[in-house]
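Have a look at the structure below before the remarks.
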Amino acid sequence: MSGLNPHFKEALQSALERYETPFYAYDLASVQARVGALRAAFPKAEVFFAMKANPRLGILRRLLGWGVFLEAVSLGEVRRAYAAGFKRTEVLLNGPVKTPAVLAELKELGVPLLGLDSLADAERVARHLPGSHVLLRVNPDLPVVTHDHLATGRGESKFGILPQDVGRALEIARAGGLDVLGLHVHLGSALEHPEDFRAGYAVMERLYQEHGPFEVLNLGGGFGLGLDLAALAPEALGLAERLGVELWLEPGRYLVAEAGVLVTRTWGTKHTRRNFLLVDAGMSHLLRPMLYGAEHPVEPLYAGGTPQTFDLAGPACESGDILARDLTLPTPQEGDALAILQAGAYGSSMSSNYLDTPRPLELLWTGEEWEVLRQRQSWESLLLEEQAEG
């Protein structure tokens with residue numbers, strides 16, 4: 001990680017003069033560069049952005065303008081995708097549970113492409129939405145190397161259909177009048193080992209030889225930020241060419257993580273048996289460190305004094321509210337700011353109102369000006385759904 005782009009860092013200083021911390025800030029040029037890098041590696045692939053990584057409308061509409069489609073995993077995300085201007089054929093809805101109520105609403109809204117996650121999913125979609133264009137998600141039952149909560153391609157995961165059940169799933173889908181475009185595999189998230197992807201590709205090749213032909217091969221996403229796509233892409237492209245199918249990909253974090261930062265101010269230090277730097281951002285704003293043990297680089301936005309080693313402690317009344325450990329930083333003065341890096345993915349989208357904490361302001365740096373993507377949540381809105389009528 002090379003740290004903040006100097007132009008973006010300068011822009012953050014101007015934002016600190018105008019906006020209250022904590023806030024999220026995104027560098028549009030960084031997102032565009034990542035889209036370009038992905039397209040350079042996979043020139044023939046259709047790209048579906050996993051919108052759960054960052055669902056801000058201002059970002060989604062830019063992606064649409066660049067020809068990127070969306071992968072959704074909930075009814076709410078489908079509604080958001082349509083609100084951003086995407087057509088139903090440009091949205092793929094995955095996820096393990098699609099209730100009759102959800103399917104009824106999709107029928108009214110417009111049915112997107114559907115990823116079927118189980119035999120029950122196939123039966124229910126066939127019953128309620130015959131004629132839908134679908135893919136079957138495969139659980140390849142592989143020992144994927146990542147955090148347990150991110151390893152969706154392991155056999156014990158709740159996701160997907162085991163290879164031995166794919167034939168039965170195809171029978172159910174086709175008997176129910178569904179148009180099966182192909183198969184889908186998503187091994188997990190933050191994957192850094194090409195061997196994991198190669199093993200997944202081998203499983204898919206066997207399944208296509210056994211159950212094909214199909215029109216589409218969806219190899220999912222999960223690309224780690226340090227993964228060498230140029231080295232991996234020829235294998236994926238070669239597989240699609242051998243099978244005679246269109247290649248689909250579902251990057252999420254890869255496209256937006258490094259574009260975003262969470263900006264927070266420091267409000268003192270304290271020492272117990274650890275040395276703490278107290279900040280105004282915490283687990284309500286950035287859950288990944290507590291949820292996954294994720295490690296986010298931190299860059300000071302001040303000069304500061306003698307370096308010290310700190311744990312970055314948030315304001316929540318929770319012992320786990322630690323955003324980073326063993327950081328060596330210049331000793332700050334009260335009110336000095338830090339940028340928590342790689343926060344463009346699953347930062348805002350996982351933020352919560354725990355402890356009646358308003359969700360933070362979100363900004364987009366266009367290269368020329370700051371654009372407000374989402375206003376800081378108001379105090380009044382926290383109580384709105386509990387107000388007595390009359």
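Every chain in the structure tokens takes a letter, A first, then B, and so on in the order presented; its residues are numbered from 1, and the ligands are numbered from 1 following the presented order.
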If we count only C-alpha atoms, what is near Ala324 (chain A) at a cut-off of 12 Å, once residues fewer than 3 positions away on the same chain are taken out, given as a count of residues only?
35
Which neighbours of Lys52 (chain A) fall inside 9 Å, counting only C-alpha atoms, when residues of the same chain fewer than 3 positions from it are skipped, and could you give them as a CSV table (one decimal) with N, CA and C atoms, in the first residue's frame?
chain,number,residue,atom,x,y,z
A,49,PHE,N,-20.7,-5.2,-10.8
A,49,PHE,CA,-20.2,-4.7,-9.6
A,49,PHE,C,-21.0,-5.2,-8.4
A,55,PRO,N,-22.9,1.0,-2.0
A,55,PRO,CA,-24.1,1.2,-2.8
A,55,PRO,C,-24.5,2.6,-3.0
A,71,GLU,N,-24.4,-6.5,-9.4
A,71,GLU,CA,-24.8,-7.7,-8.7
A,71,GLU,C,-25.4,-7.3,-7.4
A,72,ALA,N,-26.6,-7.7,-7.1
A,72,ALA,CA,-27.4,-7.4,-5.9
A,72,ALA,C,-27.6,-8.7,-5.1
A,73,VAL,N,-27.8,-8.5,-3.8
A,73,VAL,CA,-28.1,-9.7,-3.0
A,73,VAL,C,-29.3,-9.5,-2.1
A,77,GLU,N,-31.4,-3.9,-2.6
A,77,GLU,CA,-30.4,-3.5,-3.5
A,77,GLU,C,-30.9,-3.5,-5.0
A,252,GLY,N,-16.2,-6.6,-6.3
A,252,GLY,CA,-16.8,-5.6,-5.4
A,252,GLY,C,-15.7,-4.8,-4.8
A,345,ALA,N,-14.8,0.0,0.6
A,345,ALA,CA,-15.7,-1.2,0.5
A,345,ALA,C,-16.1,-1.7,1.9
A,346,TYR,N,-17.4,-1.9,2.1
A,346,TYR,CA,-18.0,-2.5,3.3
A,346,TYR,C,-17.7,-1.6,4.5
A,349,SER,N,-21.4,0.7,3.9
A,349,SER,CA,-22.5,-0.2,3.7
A,349,SER,C,-22.8,-1.1,5.0
A,350,MET,N,-21.8,-1.2,5.8
A,350,MET,CA,-22.0,-2.0,7.1
A,350,MET,C,-22.1,-1.1,8.3
Min atom-atom distance to Leu106 (chain A) from the set A:Ser132, A:Asn353, A:Leu255, A:Gly176, counting only C-alpha atoms, belongs to A:Ser132
Closest of A:Gln209, A:Ala230, A:Lys270, A:Leu355 to Leu38 (chain A) - atom-to-atom distances counting only C-alpha atoms
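For Leu38 (chain A), the nearest of the given residues is A:Ala230.
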Which of region 1-125 of chain A end up as strand (DSSP E) when DSSP is run on this backbone - answer as a list in words?
Phe23, Tyr24, Ala25, Tyr26, Asp27, Glu46, Val47, Phe48, Phe49, Ala50, Phe69, Leu70, Glu71, Ala72, Val91, Leu92, Leu93, Leu113, Leu114, Gly115 and Leu116 of chain A
- Please provide the set of residues having any atom within 9 Å of Val138 (chain A), restricted to only C-alpha atoms, with same-chain residues fewer than 2 positions apart removed, written as a ChimeraX atom specification. /A:117-118,136,140-141,153,159-163,166,183-186,204
Of A:Arg265, A:His285, A:Ala15, A:Leu301, the one sitting nearest Pro360 (chain A) when using only C-alpha atoms is A:His285
**Report entry** region 137-315 of chain A: residues DSSP assigns to helix (DSSP H, G or I), reported as a VMD selection string
**Finding:** chain A and resid 148 to 150 163 to 175 194 to 211 229 to 243 253 to 259 288 to 292
How many Å lie between CA of Ala303 (chain A) and CA of Glu10 (chain A), rounded to one decimal?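 Spanning CA of Ala303 (chain A) to CA of Glu10 (chain A) is a straight-line distance of 13.6 Å.
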Within 8 Å of Leu64 (chain A), counting only C-alpha atoms, which residues qualify if same-chain residues fewer than 4 places away don't, as a ChimeraX atom specification? /A:60,68-69,85-86
Write to file, as a PDB file, in the first residue's frame, the residues of the selection just made, with N, CA, C and O atoms.
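Saved as selection-v7.pdb:
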ATOM      1  N   LEU A  60     -22.797   4.344  -8.223  1.00  0.00           N
ATOM      2  CA  LEU A  60     -23.459   3.400  -9.118  1.00  0.00           C
ATOM      3  C   LEU A  60     -23.747   4.034 -10.472  1.00  0.00           C
ATOM      4  O   LEU A  60     -23.577   3.392 -11.523  1.00  0.00           O
ATOM      5  N   VAL A  68     -20.588  -0.729 -16.612  1.00  0.00           N
ATOM      6  CA  VAL A  68     -20.518  -1.767 -15.583  1.00  0.00           C
ATOM      7  C   VAL A  68     -21.930  -2.050 -15.084  1.00  0.00           C
ATOM      8  O   VAL A  68     -22.694  -1.115 -14.815  1.00  0.00           O
ATOM      9  N   PHE A  69     -22.288  -3.322 -14.959  1.00  0.00           N
ATOM     10  CA  PHE A  69     -23.596  -3.722 -14.455  1.00  0.00           C
ATOM     11  C   PHE A  69     -23.514  -3.973 -12.950  1.00  0.00           C
ATOM     12  O   PHE A  69     -22.475  -3.734 -12.332  1.00  0.00           O
ATOM     13  N   GLY A  85     -30.847   3.751 -12.307  1.00  0.00           N
ATOM     14  CA  GLY A  85     -31.006   3.789 -13.754  1.00  0.00           C
ATOM     15  C   GLY A  85     -30.669   2.508 -14.477  1.00  0.00           C
ATOM     16  O   GLY A  85     -30.714   2.455 -15.713  1.00  0.00           O
ATOM     17  N   PHE A  86     -30.342   1.439 -13.747  1.00  0.00           N
ATOM     18  CA  PHE A  86     -30.017   0.173 -14.385  1.00  0.00           C
ATOM     19  C   PHE A  86     -31.287  -0.535 -14.860  1.00  0.00           C
ATOM     20  O   PHE A  86     -32.322  -0.503 -14.180  1.00  0.00           O
TER      21      PHE A  86
END
Residues near Arg56 (chain A), cut-off 8 Å, only C-alpha atoms, skip fewer than 3 positions along chain, as a ChimeraX atom specification: /A:59-60,373-374
Selected residues written out with N, CA and C atoms, as a compact mmCIF listing (two decimals), in the first residue's frame:
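Result file follows (again-v4.txt):
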# COMPACT_ATOMS: atom_id res chain seq x y z
N ILE A 59 -22.00 6.75 -7.00
CA ILE A 59 -20.99 5.84 -7.54
C ILE A 59 -21.62 4.88 -8.55
N LEU A 60 -22.80 4.34 -8.22
CA LEU A 60 -23.46 3.40 -9.12
C LEU A 60 -23.75 4.03 -10.47
N LEU A 373 -22.39 12.64 -1.47
CA LEU A 373 -23.11 11.43 -1.88
C LEU A 373 -24.24 11.12 -0.92
N ARG A 374 -24.01 11.33 0.36
CA ARG A 374 -25.05 11.11 1.37
C ARG A 374 -24.80 12.04 2.54
### Message
Rounded to one decimal, what separation in Å do you get between CA of Leu227 (chain A) and CA of Phe197 (chain A)?
### Response
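If I compute the distance from CA of Leu227 (chain A) to CA of Phe197 (chain A), I get 10.8 Å.
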